[in-house]
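A.B. asks: Dropping in structure.csv, which is CSV, C-alpha atoms:
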```
chain,number,residue,atom,x,y,z
A,11,MET,CA,181.8,-107.6,11.6
A,12,ALA,CA,178.8,-109.7,10.7
A,13,GLU,CA,177.3,-109.3,14.2
A,14,ALA,CA,177.9,-105.5,14.2
A,15,TYR,CA,176.1,-105.3,10.8
A,16,LEU,CA,173.1,-107.2,12.1
A,17,LEU,CA,173.0,-105.0,15.2
A,18,SER,CA,173.0,-101.9,13.0
A,19,LEU,CA,170.1,-103.3,11.0
A,20,ASP,CA,168.1,-104.0,14.2
A,21,VAL,CA,168.7,-100.4,15.4
A,22,GLN,CA,167.7,-99.0,12.0
A,23,GLY,CA,164.6,-101.2,11.9
A,24,ALA,CA,163.6,-99.9,15.3
A,25,ARG,CA,164.0,-96.3,14.3
A,26,GLU,CA,162.0,-96.9,11.1
A,27,ARG,CA,159.2,-98.5,13.1
A,28,LEU,CA,159.1,-95.5,15.5
A,29,VAL,CA,158.9,-93.0,12.7
A,30,SER,CA,156.2,-95.1,10.9
A,31,ALA,CA,154.2,-95.4,14.1
A,32,ARG,CA,154.3,-91.6,14.7
A,33,GLU,CA,153.3,-90.9,11.1
A,34,GLU,CA,150.4,-93.3,11.2
A,35,GLU,CA,149.2,-91.7,14.4
A,36,ARG,CA,149.3,-88.2,12.8
A,37,VAL,CA,147.4,-89.5,9.8
A,38,ARG,CA,144.8,-91.1,12.1
A,39,LEU,CA,144.3,-87.8,14.0
A,40,ARG,CA,144.1,-85.8,10.8
A,41,ASN,CA,141.4,-88.1,9.4
A,42,ASP,CA,139.5,-88.2,12.7
A,43,LEU,CA,139.5,-84.4,12.8
A,44,HIS,CA,138.7,-83.9,9.1
A,45,ASP,CA,136.1,-86.6,8.7
A,46,GLY,CA,134.5,-86.6,12.1
A,47,LEU,CA,134.8,-83.4,14.1
A,48,GLY,CA,135.0,-81.0,11.2
A,49,PRO,CA,131.6,-81.8,9.6
A,50,LEU,CA,129.9,-81.8,13.0
A,51,LEU,CA,131.1,-78.3,13.9
A,52,VAL,CA,130.2,-77.0,10.4
A,53,GLY,CA,126.8,-78.6,10.6
A,54,ALA,CA,126.1,-77.1,14.0
A,55,ARG,CA,127.2,-73.6,12.8
A,56,MET,CA,124.9,-73.8,9.8
A,57,GLN,CA,121.9,-74.9,11.9
A,58,LEU,CA,122.4,-72.0,14.3
A,59,ALA,CA,122.7,-69.6,11.4
A,60,ALA,CA,119.5,-71.0,10.0
A,61,ALA,CA,117.8,-70.8,13.4
A,62,ALA,CA,118.6,-67.1,13.5
A,63,ARG,CA,116.8,-66.6,10.2
A,64,ALA,CA,113.9,-68.9,11.1
A,65,GLY,CA,110.4,-67.4,10.9
A,66,SER,CA,108.7,-69.5,13.5
A,67,ASP,CA,109.5,-70.4,17.0
A,68,ALA,CA,108.9,-74.1,16.3
A,69,ARG,CA,111.3,-74.2,13.4
A,70,ARG,CA,113.9,-72.3,15.4
A,71,ALA,CA,113.6,-74.7,18.3
A,72,ASP,CA,114.1,-77.7,16.0
A,73,LEU,CA,117.3,-76.2,14.4
A,74,VAL,CA,118.7,-75.3,17.8
A,75,ALA,CA,118.0,-78.8,19.1
A,76,GLY,CA,119.8,-80.3,16.1
A,77,ALA,CA,122.8,-78.0,16.6
A,78,SER,CA,122.9,-78.9,20.3
A,79,ALA,CA,122.9,-82.6,19.4
A,80,ASP,CA,125.7,-82.1,16.9
A,81,LEU,CA,127.8,-80.2,19.5
A,82,GLY,CA,127.2,-83.0,22.0
A,83,THR,CA,128.5,-85.5,19.5
A,84,ALA,CA,131.5,-83.3,18.7
A,85,SER,CA,132.3,-83.1,22.4
A,86,THR,CA,132.2,-86.9,22.7
A,87,THR,CA,134.6,-87.1,19.6
A,88,VAL,CA,137.0,-84.7,21.3
A,89,ARG,CA,137.0,-86.7,24.4
A,90,GLU,CA,137.7,-89.9,22.4
A,91,LEU,CA,140.6,-88.2,20.6
A,92,ILE,CA,142.1,-87.0,23.9
A,93,ASP,CA,141.7,-90.5,25.3
A,94,GLY,CA,143.5,-91.8,22.3
A,95,LEU,CA,146.5,-89.6,23.1
A,96,ARG,CA,146.5,-90.4,26.9
A,97,PRO,CA,143.9,-92.7,28.3
A,98,ALA,CA,141.6,-91.0,30.8
A,99,ALA,CA,141.9,-94.2,33.0
A,100,LEU,CA,145.5,-93.2,33.8
A,101,ASP,CA,144.3,-90.1,35.7
A,102,GLY,CA,143.8,-92.4,38.7
A,103,GLY,CA,147.2,-93.9,38.4
A,104,LEU,CA,148.7,-96.8,36.5
A,105,VAL,CA,148.0,-99.5,39.0
A,106,THR,CA,144.3,-98.6,39.3
A,107,ALA,CA,144.0,-98.3,35.6
A,108,LEU,CA,145.5,-101.8,35.0
A,109,GLU,CA,143.3,-103.3,37.7
A,110,ASP,CA,140.1,-101.7,36.2
A,111,ALA,CA,141.0,-102.8,32.7
A,112,ALA,CA,141.7,-106.4,33.7
A,113,HIS,CA,138.5,-106.7,35.7
A,114,GLY,CA,136.5,-105.0,32.9
A,115,LEU,CA,137.9,-107.3,30.1
A,116,LEU,CA,137.7,-110.5,32.2
A,117,PRO,CA,134.5,-110.2,34.2
A,118,ASP,CA,134.1,-114.0,34.5
A,119,CYS,CA,137.8,-114.7,35.4
A,120,GLU,CA,139.7,-114.5,38.7
A,121,VAL,CA,142.0,-111.5,38.3
A,122,VAL,CA,145.0,-111.1,40.6
A,123,LEU,CA,146.9,-107.8,40.7
A,124,ASP,CA,150.4,-108.0,42.2
A,125,ALA,CA,151.6,-104.5,42.4
A,126,PRO,CA,152.7,-101.8,44.9
A,127,ALA,CA,149.9,-99.6,46.2
A,128,GLU,CA,151.5,-96.6,44.5
A,129,LEU,CA,154.2,-96.2,41.9
A,130,ALA,CA,156.7,-93.4,41.7
A,131,PRO,CA,156.0,-90.9,39.0
A,132,MET,CA,157.3,-92.1,35.6
A,133,PRO,CA,157.6,-90.6,32.1
A,134,PRO,CA,154.2,-90.3,30.4
A,135,ALA,CA,155.4,-92.3,27.4
A,136,VAL,CA,156.3,-95.2,29.6
A,137,GLU,CA,153.0,-95.0,31.6
A,138,ILE,CA,150.9,-95.0,28.4
A,139,ALA,CA,152.9,-97.8,26.8
A,140,ALA,CA,152.6,-99.9,29.9
A,141,TYR,CA,148.8,-99.4,30.0
A,142,ARG,CA,148.4,-100.1,26.3
A,143,ILE,CA,150.5,-103.2,26.3
A,144,VAL,CA,148.9,-104.7,29.4
A,145,THR,CA,145.4,-103.9,28.1
A,146,GLU,CA,146.3,-105.6,24.8
A,147,ALA,CA,147.7,-108.6,26.6
A,148,VAL,CA,144.6,-109.0,28.8
A,149,THR,CA,142.4,-108.5,25.7
A,150,ASN,CA,144.3,-111.4,24.1
A,151,VAL,CA,143.5,-113.5,27.1
A,152,ALA,CA,139.8,-112.7,26.8
A,153,ARG,CA,139.8,-113.3,23.1
A,154,HIS,CA,142.0,-116.4,22.7
A,155,ALA,CA,142.5,-118.3,25.9
A,156,VAL,CA,139.5,-120.6,26.1
A,157,GLY,CA,138.9,-122.0,29.5
A,158,VAL,CA,141.0,-119.4,31.4
A,159,THR,CA,140.0,-119.2,35.0
A,160,ARG,CA,142.8,-117.0,36.4
A,161,CYS,CA,144.8,-114.1,35.1
A,162,THR,CA,147.7,-112.4,37.0
A,163,VAL,CA,149.0,-108.9,36.4
A,164,SER,CA,152.3,-108.2,38.1
A,165,VAL,CA,154.0,-104.8,38.3
A,166,ARG,CA,157.5,-104.0,39.5
A,167,ALA,CA,159.4,-100.7,39.3
A,168,ALA,CA,163.0,-99.9,40.0
A,169,GLN,CA,165.4,-98.9,37.3
A,170,HIS,CA,163.0,-100.5,34.9
A,171,LEU,CA,159.2,-101.0,34.8
A,172,VAL,CA,158.6,-104.7,34.6
A,173,LEU,CA,155.2,-106.1,33.8
A,174,LEU,CA,154.0,-109.7,33.7
A,175,VAL,CA,150.6,-110.8,32.4
A,176,GLY,CA,149.9,-114.5,32.8
A,177,ASP,CA,146.9,-116.9,32.4
A,178,ASP,CA,146.2,-120.5,33.0
A,179,GLY,CA,144.7,-121.2,29.5
A,180,PRO,CA,146.3,-123.0,26.6
A,181,GLY,CA,149.5,-121.4,25.6
A,182,VAL,CA,149.7,-118.9,22.8
A,183,GLN,CA,152.9,-118.9,20.7
A,184,ALA,CA,154.2,-115.7,19.3
A,185,GLY,CA,156.0,-116.9,16.2
A,186,PRO,CA,156.4,-115.4,12.7
A,187,GLY,CA,152.6,-115.6,12.2
A,188,ALA,CA,151.9,-113.6,15.4
A,189,GLY,CA,148.7,-111.5,15.3
A,190,VAL,CA,148.5,-107.7,15.1
A,191,GLY,CA,148.1,-107.4,18.8
A,192,LEU,CA,151.3,-109.3,19.7
A,193,VAL,CA,153.3,-107.3,17.1
A,194,SER,CA,151.8,-104.1,18.4
A,195,MET,CA,152.9,-104.9,22.0
A,196,ARG,CA,156.4,-105.6,21.0
A,197,ALA,CA,156.6,-102.4,18.8
A,198,ARG,CA,155.4,-100.2,21.7
A,199,ALA,CA,158.0,-101.7,24.0
A,200,GLU,CA,160.9,-101.4,21.5
A,201,GLU,CA,160.0,-97.8,20.7
A,202,LEU,CA,161.0,-96.9,24.3
A,203,GLY,CA,164.1,-99.1,24.2
A,204,GLY,CA,162.4,-101.9,26.1
A,205,SER,CA,161.3,-105.5,25.3
A,206,CYS,CA,158.2,-107.6,25.2
A,207,GLU,CA,158.5,-111.4,25.3
A,208,ILE,CA,155.6,-113.8,24.9
A,209,SER,CA,155.9,-117.4,25.9
A,210,GLY,CA,153.3,-120.1,25.9
A,211,THR,CA,153.1,-123.6,27.3
A,212,PRO,CA,150.1,-126.0,27.7
A,213,GLU,CA,149.7,-124.6,31.2
A,214,GLY,CA,149.3,-121.0,30.1
A,215,THR,CA,150.7,-117.9,28.5
A,216,THR,CA,153.1,-115.3,29.9
A,217,VAL,CA,153.8,-111.8,28.6
A,218,ARG,CA,156.8,-110.1,30.1
A,219,VAL,CA,157.5,-106.5,29.4
A,220,VAL,CA,160.5,-104.5,30.4
A,221,LEU,CA,160.5,-100.7,29.9
A,222,PRO,CA,163.3,-98.4,31.0
A,223,LEU,CA,162.2,-95.6,33.3
A,224,SER,CA,163.9,-92.9,31.3
A,225,ALA,CA,162.3,-89.8,29.9
A,226,SER,CA,163.6,-90.1,26.3
A,227,PRO,CA,162.7,-92.9,23.9
A,228,ARG,CA,165.6,-94.6,22.2
A,229,ALA,CA,166.1,-97.1,19.4
A,230,ALA,CA,165.7,-100.6,20.7
A,231,GLN,CA,169.0,-102.6,21.1
A,232,PRO,CA,169.0,-106.4,20.9
A,233,ARG,CA,169.1,-107.8,24.4
A,234,THR,CA,171.6,-110.3,25.7
A,235,SER,CA,171.7,-112.4,28.9
A,236,ARG,CA,173.5,-109.5,30.7
A,237,ASP,CA,170.5,-107.2,30.0
A,238,VAL,CA,167.9,-109.4,31.7
A,239,VAL,CA,166.2,-107.7,34.6
A,240,PRO,CA,165.5,-109.9,37.6
A,241,VAL,CA,161.9,-109.9,38.8
A,242,ASP,CA,160.8,-110.9,42.2
A,243,GLY,CA,157.2,-112.0,42.0
A,244,PRO,CA,154.8,-114.9,41.6
A,245,THR,CA,155.3,-117.6,39.0
A,246,ILE,CA,152.5,-117.0,36.4
A,247,GLY,CA,150.8,-119.7,34.5
```
Before we go any further, please render this structure as structure tokens.
C.D. replies:
Amino acid sequence: MAEAYLLSLDVQGARERLVSAREEERVRLRNDLHDGLGPLLVGARMQLAAAARAGSDARRADLVAGASADLGTASTTVRELIDGLRPAALDGGLVTALEDAAHGLLPDCEVVLDAPAELAPMPPAVEIAAYRIVTEAVTNVARHAVGVTRCTVSVRAAQHLVLLVGDDGPGVQAGPGAGVGLVSMRARAEELGGSCEISGTPEGTTVRVVLPLSASPRAAQPRTSRDVVPVDGPTIG
């Protein structure tokens, strides 16, 4: 009975995190649209209206130039909002996106990508979560792993998408005081019914992510030894 109760609490907690994450994203989008894009469009419209009333060609040209600049900024803002919903980097495929992100974040480190040349199509939510989690993991390598010389990103896909990110720097422990990035990676995985495990030793840190290749997110269930997905790949760290 006690175990069943704890399991129900875990499921409820996962559901609450999912709802909370969605609501936070909606609030972010609303604020970005209201505080960023909205004033730019209003300003451009007012400048064009003033240009139509301007008495001199020079004044009209200045107003049109200002409106054009505002519209350019608005266009950039829209692209950033779209990229926040689905990273443009994924247009070239998940493997290419992960490779580009790792090399971009670790320009002075040897980056090894161990992945198939192509992956079968997968649900957008899984693809986006995989990209965000791996990018955050590599960002943590760049930010915290002093003396790292090698980072390996491994991708395997069958019934699950399995991702490994490892480095040869000092190990990072993901305990109760874990940073926002580590918590975020776990939350993204759990929202899709997957898992994210971070282990650190003096020889390096490994992030292991398992995401089910199903179209519908589900509440995360606690994993047991029977749920472990075997991974054939290099030993990282």
A.B. asks: So what do you get for CA of Val88 (chain A) versus CA of Glu109 (chain A), distance-wise?
C.D. replies: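 We find that CA of Val88 (chain A) and CA of Glu109 (chain A) lie 25.6 Å from each other.
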A.B. asks: Please measure the separation of CA of Ile138 (chain A) and CA of Gly48 (chain A), giving the value in Å to one decimal.
C.D. replies: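 CA of Gly48 (chain A) lies 27.3 Å from CA of Ile138 (chain A).
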A.B. asks: Which residues, written as JSON, numbers by chain, have at least one atom at most 6 Å from region 71-76 of chain A, with only C-alpha atoms counted and residues fewer than 3 positions away on the same chain left out?
C.D. replies: {"A": [57, 61, 68, 79]}
A.B. asks: Between A:Leu192, A:Ala135, A:Val217, A:Leu16, which residue has the minimum interatomic distance to Val175 (chain A), considering only C-alpha atoms?
C.D. replies: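 Counting only C-alpha atoms, the residue closest to Val175 (chain A) is A:Val217.
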A.B. asks: Take the point (149.2, -105.2, 40.5) as written in the file and pick out every residue within 10 Å of it, counting only C-alpha atoms; give the list as a PDB file with C-alpha atoms, keeping the file's coordinate frame.
C.D. replies:
```
ATOM      1  CA  LEU A 104     148.700 -96.800  36.500  1.00  0.00           C
ATOM      2  CA  VAL A 105     148.000 -99.500  39.000  1.00  0.00           C
ATOM      3  CA  THR A 106     144.300 -98.600  39.300  1.00  0.00           C
ATOM      4  CA  ALA A 107     144.000 -98.300  35.600  1.00  0.00           C
ATOM      5  CA  LEU A 108     145.500-101.800  35.000  1.00  0.00           C
ATOM      6  CA  GLU A 109     143.300-103.300  37.700  1.00  0.00           C
ATOM      7  CA  VAL A 121     142.000-111.500  38.300  1.00  0.00           C
ATOM      8  CA  VAL A 122     145.000-111.100  40.600  1.00  0.00           C
ATOM      9  CA  LEU A 123     146.900-107.800  40.700  1.00  0.00           C
ATOM     10  CA  ASP A 124     150.400-108.000  42.200  1.00  0.00           C
ATOM     11  CA  ALA A 125     151.600-104.500  42.400  1.00  0.00           C
ATOM     12  CA  PRO A 126     152.700-101.800  44.900  1.00  0.00           C
ATOM     13  CA  ALA A 127     149.900 -99.600  46.200  1.00  0.00           C
ATOM     14  CA  GLU A 128     151.500 -96.600  44.500  1.00  0.00           C
ATOM     15  CA  THR A 162     147.700-112.400  37.000  1.00  0.00           C
ATOM     16  CA  VAL A 163     149.000-108.900  36.400  1.00  0.00           C
ATOM     17  CA  SER A 164     152.300-108.200  38.100  1.00  0.00           C
ATOM     18  CA  VAL A 165     154.000-104.800  38.300  1.00  0.00           C
ATOM     19  CA  ARG A 166     157.500-104.000  39.500  1.00  0.00           C
ATOM     20  CA  LEU A 173     155.200-106.100  33.800  1.00  0.00           C
ATOM     21  CA  LEU A 174     154.000-109.700  33.700  1.00  0.00           C
ATOM     22  CA  VAL A 175     150.600-110.800  32.400  1.00  0.00           C
TER      23      VAL A 175
END
```
A.B. asks: CA of Gly176 (chain A) and CA of Cys161 (chain A), how far apart in Å?
C.D. replies: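 Between these atoms lies a distance of 5.6 Å.
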A.B. asks: Considering all atoms listed in the file, return as a PyMOL selection string whatever protein or nucleic-acid residues lie within 9 Å of region 80-83 of chain A, sequence-local ones (same chain, fewer than 3 positions apart) excluded.
C.D. replies: chain A and resi 47+50-51+53-54+75-77+86-88
A.B. asks: Could you list, as a PDB file with C-alpha atoms, in the coordinates of the input, every residue within 10 Å of Cys119 (chain A), counting only C-alpha atoms and ignoring same-chain residues fewer than 3 positions away?
C.D. replies:
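Final file, out.pdb:
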```
ATOM      1  CA  ALA A 112     141.700-106.400  33.700  1.00  0.00           C
ATOM      2  CA  HIS A 113     138.500-106.700  35.700  1.00  0.00           C
ATOM      3  CA  LEU A 115     137.900-107.300  30.100  1.00  0.00           C
ATOM      4  CA  LEU A 116     137.700-110.500  32.200  1.00  0.00           C
ATOM      5  CA  VAL A 122     145.000-111.100  40.600  1.00  0.00           C
ATOM      6  CA  ALA A 152     139.800-112.700  26.800  1.00  0.00           C
ATOM      7  CA  GLY A 157     138.900-122.000  29.500  1.00  0.00           C
ATOM      8  CA  VAL A 158     141.000-119.400  31.400  1.00  0.00           C
ATOM      9  CA  THR A 159     140.000-119.200  35.000  1.00  0.00           C
ATOM     10  CA  ARG A 160     142.800-117.000  36.400  1.00  0.00           C
ATOM     11  CA  CYS A 161     144.800-114.100  35.100  1.00  0.00           C
ATOM     12  CA  ASP A 177     146.900-116.900  32.400  1.00  0.00           C
TER      13      ASP A 177
END
```
A.B. asks: Just checking: using all atoms listed in the file, which residue out of A:Met56, A:Ala140, A:Leu43, A:Ala111 ends up closest to Glu201 (chain A)?
C.D. replies: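 For Glu201 (chain A), the nearest of the given residues is A:Ala140.
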A.B. asks: Closest to Leu202 (chain A) among A:Val219, A:Leu17, A:Ala64, A:Leu129, using only C-alpha atoms?
C.D. replies: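 Of all the options, A:Val219 lies closest to Leu202 (chain A).
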A.B. asks: I'd like the contact shell of Val172 (chain A) - 12 Å cut-off, all atoms listed in the file, skipping same-chain residues fewer than 4 positions apart - returned as number ranges by chain.
C.D. replies: A: 124-125, 136-137, 139-140, 143-144, 163-168, 199, 204-207, 217-223, 238-243
A.B. asks: With only C-alpha atoms as the basis for distance, which of A:Ala147, A:Met132, A:Arg38, A:Arg142 is at the shortest distance from Ala99 (chain A)?
C.D. replies: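 Smallest distance to Ala99 (chain A) is found for A:Arg142.
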A.B. asks: With the input short on atoms, add N, CA, C and O atoms back to region 189-205 of chain A and write it as an mmCIF file, in the frame of the given file.
C.D. replies:
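result_35.cif, freshly written:
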```cif
data_model
loop_
_atom_site.group_PDB
_atom_site.id
_atom_site.type_symbol
_atom_site.label_atom_id
_atom_site.label_comp_id
_atom_site.auth_asym_id
_atom_site.auth_seq_id
_atom_site.Cartn_x
_atom_site.Cartn_y
_atom_site.Cartn_z
ATOM 1 N N GLY A 189 149.782 -112.443 15.646
ATOM 2 C CA GLY A 189 148.700 -111.500 15.300
ATOM 3 C C GLY A 189 149.159 -110.064 15.466
ATOM 4 O O GLY A 189 150.210 -109.747 16.015
ATOM 5 N N VAL A 190 148.261 -109.160 15.019
ATOM 6 C CA VAL A 190 148.500 -107.700 15.100
ATOM 7 C C VAL A 190 148.759 -107.280 16.524
ATOM 8 O O VAL A 190 149.635 -106.463 16.816
ATOM 9 N N GLY A 191 147.959 -107.822 17.452
ATOM 10 C CA GLY A 191 148.100 -107.400 18.800
ATOM 11 C C GLY A 191 149.438 -107.713 19.430
ATOM 12 O O GLY A 191 150.043 -106.874 20.107
ATOM 13 N N LEU A 192 149.960 -108.911 19.177
ATOM 14 C CA LEU A 192 151.300 -109.300 19.700
ATOM 15 C C LEU A 192 152.377 -108.435 19.077
ATOM 16 O O LEU A 192 153.307 -108.004 19.763
ATOM 17 N N VAL A 193 152.271 -108.188 17.791
ATOM 18 C CA VAL A 193 153.300 -107.300 17.100
ATOM 19 C C VAL A 193 153.211 -105.927 17.667
ATOM 20 O O VAL A 193 154.245 -105.286 17.891
ATOM 21 N N SER A 194 151.999 -105.427 17.916
ATOM 22 C CA SER A 194 151.800 -104.100 18.400
ATOM 23 C C SER A 194 152.454 -103.941 19.817
ATOM 24 O O SER A 194 153.114 -102.934 20.119
ATOM 25 N N MET A 195 152.285 -104.945 20.680
ATOM 26 C CA MET A 195 152.900 -104.900 22.000
ATOM 27 C C MET A 195 154.388 -104.801 21.934
ATOM 28 O O MET A 195 155.009 -103.996 22.641
ATOM 29 N N ARG A 196 154.976 -105.615 21.096
ATOM 30 C CA ARG A 196 156.400 -105.600 21.000
ATOM 31 C C ARG A 196 156.908 -104.245 20.398
ATOM 32 O O ARG A 196 157.916 -103.689 20.846
ATOM 33 N N ALA A 197 156.190 -103.716 19.425
ATOM 34 C CA ALA A 197 156.600 -102.400 18.800
ATOM 35 C C ALA A 197 156.540 -101.311 19.841
ATOM 36 O O ALA A 197 157.440 -100.459 19.887
ATOM 37 N N ARG A 198 155.492 -101.285 20.676
ATOM 38 C CA ARG A 198 155.400 -100.200 21.700
ATOM 39 C C ARG A 198 156.561 -100.306 22.670
ATOM 40 O O ARG A 198 157.110 -99.279 23.062
ATOM 41 N N ALA A 199 156.922 -101.517 23.074
ATOM 42 C CA ALA A 199 158.000 -101.700 24.000
ATOM 43 C C ALA A 199 159.357 -101.265 23.366
ATOM 44 O O ALA A 199 160.171 -100.549 23.971
ATOM 45 N N GLU A 200 159.590 -101.701 22.146
ATOM 46 C CA GLU A 200 160.900 -101.400 21.500
ATOM 47 C C GLU A 200 161.021 -99.945 21.170
ATOM 48 O O GLU A 200 162.145 -99.437 21.139
ATOM 49 N N GLU A 201 159.920 -99.232 20.937
ATOM 50 C CA GLU A 201 160.000 -97.800 20.700
ATOM 51 C C GLU A 201 160.635 -97.044 21.846
ATOM 52 O O GLU A 201 161.241 -95.985 21.673
ATOM 53 N N LEU A 202 160.478 -97.583 23.057
ATOM 54 C CA LEU A 202 161.000 -96.900 24.300
ATOM 55 C C LEU A 202 162.334 -97.597 24.696
ATOM 56 O O LEU A 202 162.824 -97.327 25.791
ATOM 57 N N GLY A 203 162.884 -98.463 23.866
ATOM 58 C CA GLY A 203 164.100 -99.100 24.200
ATOM 59 C C GLY A 203 163.916 -100.313 25.138
ATOM 60 O O GLY A 203 164.857 -100.763 25.798
ATOM 61 N N GLY A 204 162.703 -100.818 25.217
ATOM 62 C CA GLY A 204 162.400 -101.900 26.100
ATOM 63 C C GLY A 204 162.197 -103.224 25.293
ATOM 64 O O GLY A 204 162.599 -103.337 24.132
ATOM 65 N N SER A 205 161.553 -104.185 25.927
ATOM 66 C CA SER A 205 161.300 -105.500 25.300
ATOM 67 C C SER A 205 159.980 -106.042 25.716
ATOM 68 O O SER A 205 159.449 -105.697 26.768
#
```
